[in-house]
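See below for the structure under consideration.
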Amino acid sequence: MLEKMNVYDTANKLAEEIKLSEEYVSFKKSKTELENNIELKSKIKEFEQKRQQMQMLTIQGIEPTQEKAQEIQNMYTELLKDEKAKEYFETEMKFSVLIADVNKIIGDAIKDVLK
């Protein structure tokens with residue numbers, strides 16, 4: 001007979017494992033280091049706001065201008081010259097991929113009832 005699993009216990013275990021993952025630990029370290037660098041934090045925040053604005057336009061079906069896209073690309077290229085910013089973006093991406101993969105696994109498991 002199968003032992004009944006408690007979904008909440010499993011979810012809490014998953015949360016703990018995520019917090020112990022290399023992706024989480026590295027991203028958290030990068031974020032903490034960024035908090036201590038006010039100037040760099042401000043530059044990254046400005047970049048992320050502009051990137052988000054462009055994404056919102058795209059979602060609304062409005063194609064961003066070539067100039068706007070180039071401005072954001074130039075900001076990103078400039079930020080990557082700073083090792084701490086580069087590390088931040090790399091660890092953020094790795095963590096985001098981890099979370100997206102976990103969400104996909106869960107989504108795939110329940111997609112038959114979400115149709």
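Labels for the structure tokens follow display order: chains A, B, ..., residues from 1 in each chain, ligands from 1.
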Kindly assemble as a Markdown table a list of the range 2-57 of chain A residues that lie within 9 Å of range 68-89 of chain A, each paired with its nearest atom pair and their distance in Å to one decimal, using only C-alpha atoms, sorted first by chain and then by ascending residue number.
```
| residue | atom | partner | partner_atom | distance |
| --- | --- | --- | --- | --- |
| A:Ser26 | CA | A:Tyr88 | CA | 8.8 |
| A:Phe27 | CA | A:Tyr88 | CA | 6.8 |
| A:Lys29 | CA | A:Tyr88 | CA | 8.8 |
| A:Ser30 | CA | A:Tyr88 | CA | 5.2 |
| A:Lys31 | CA | A:Tyr88 | CA | 6.8 |
| A:Glu33 | CA | A:Lys84 | CA | 7.9 |
| A:Leu34 | CA | A:Lys84 | CA | 7.4 |
| A:Leu40 | CA | A:Ala85 | CA | 7.3 |
| A:Lys41 | CA | A:Ala85 | CA | 8.6 |
| A:Lys43 | CA | A:Leu79 | CA | 7.8 |
| A:Ile44 | CA | A:Leu79 | CA | 7.5 |
| A:Phe47 | CA | A:Met75 | CA | 6.5 |
| A:Lys50 | CA | A:Ile72 | CA | 6.9 |
| A:Arg51 | CA | A:Ile72 | CA | 6.6 |
| A:Met54 | CA | A:Ala69 | CA | 7.8 |
```
Find the residues around Tyr24 in chain A up to 10 Å (only C-alpha atoms counted), leave out those fewer than 6 positions away in its own chain, and share them as a ChimeraX atom specification. /A:17-18,30,91-92,94-96,98-99
Residues from the last selection, N, CA, C and O atoms, saved as a PDB file, in the first residue's frame:
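Wrote it out as part-v8.pdb, contents follow:
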```
ATOM      1  N   GLU A  17      15.300  22.741  -0.002  1.00  0.00           N
ATOM      2  CA  GLU A  17      16.321  22.299  -0.956  1.00  0.00           C
ATOM      3  C   GLU A  17      16.703  23.422  -1.906  1.00  0.00           C
ATOM      4  O   GLU A  17      17.875  23.557  -2.267  1.00  0.00           O
ATOM      5  N   ILE A  18      15.736  24.225  -2.312  1.00  0.00           N
ATOM      6  CA  ILE A  18      16.035  25.367  -3.177  1.00  0.00           C
ATOM      7  C   ILE A  18      16.968  26.322  -2.442  1.00  0.00           C
ATOM      8  O   ILE A  18      17.951  26.808  -3.002  1.00  0.00           O
ATOM      9  N   SER A  30      25.346  37.378  -4.347  1.00  0.00           N
ATOM     10  CA  SER A  30      25.480  38.487  -5.300  1.00  0.00           C
ATOM     11  C   SER A  30      24.566  39.647  -4.937  1.00  0.00           C
ATOM     12  O   SER A  30      24.955  40.815  -5.033  1.00  0.00           O
ATOM     13  N   THR A  91      24.272  35.000 -11.865  1.00  0.00           N
ATOM     14  CA  THR A  91      23.639  34.223 -10.788  1.00  0.00           C
ATOM     15  C   THR A  91      22.128  34.381 -10.813  1.00  0.00           C
ATOM     16  O   THR A  91      21.399  33.424 -10.526  1.00  0.00           O
ATOM     17  N   GLU A  92      21.657  35.569 -11.186  1.00  0.00           N
ATOM     18  CA  GLU A  92      20.215  35.787 -11.313  1.00  0.00           C
ATOM     19  C   GLU A  92      19.639  34.866 -12.384  1.00  0.00           C
ATOM     20  O   GLU A  92      18.586  34.250 -12.188  1.00  0.00           O
ATOM     21  N   LYS A  94      20.891  31.982 -13.570  1.00  0.00           N
ATOM     22  CA  LYS A  94      20.942  30.575 -13.156  1.00  0.00           C
ATOM     23  C   LYS A  94      19.823  30.259 -12.166  1.00  0.00           C
ATOM     24  O   LYS A  94      19.197  29.204 -12.238  1.00  0.00           O
ATOM     25  N   PHE A  95      19.565  31.182 -11.237  1.00  0.00           N
ATOM     26  CA  PHE A  95      18.494  30.973 -10.268  1.00  0.00           C
ATOM     27  C   PHE A  95      17.130  30.991 -10.969  1.00  0.00           C
ATOM     28  O   PHE A  95      16.267  30.161 -10.683  1.00  0.00           O
ATOM     29  N   SER A  96      16.958  31.915 -11.898  1.00  0.00           N
ATOM     30  CA  SER A  96      15.695  32.002 -12.643  1.00  0.00           C
ATOM     31  C   SER A  96      15.433  30.729 -13.439  1.00  0.00           C
ATOM     32  O   SER A  96      14.292  30.261 -13.513  1.00  0.00           O
ATOM     33  N   LEU A  98      16.530  27.720 -12.671  1.00  0.00           N
ATOM     34  CA  LEU A  98      16.162  26.702 -11.689  1.00  0.00           C
ATOM     35  C   LEU A  98      14.681  26.796 -11.338  1.00  0.00           C
ATOM     36  O   LEU A  98      13.948  25.804 -11.384  1.00  0.00           O
ATOM     37  N   ILE A  99      14.220  27.999 -11.016  1.00  0.00           N
ATOM     38  CA  ILE A  99      12.824  28.199 -10.620  1.00  0.00           C
ATOM     39  C   ILE A  99      11.888  27.898 -11.790  1.00  0.00           C
ATOM     40  O   ILE A  99      10.844  27.269 -11.619  1.00  0.00           O
TER      41      ILE A  99
END
```
To one decimal place in Å, what is the distance between CA of Val97 in chain A and CA of Ser21 in chain A? 12.5 Å
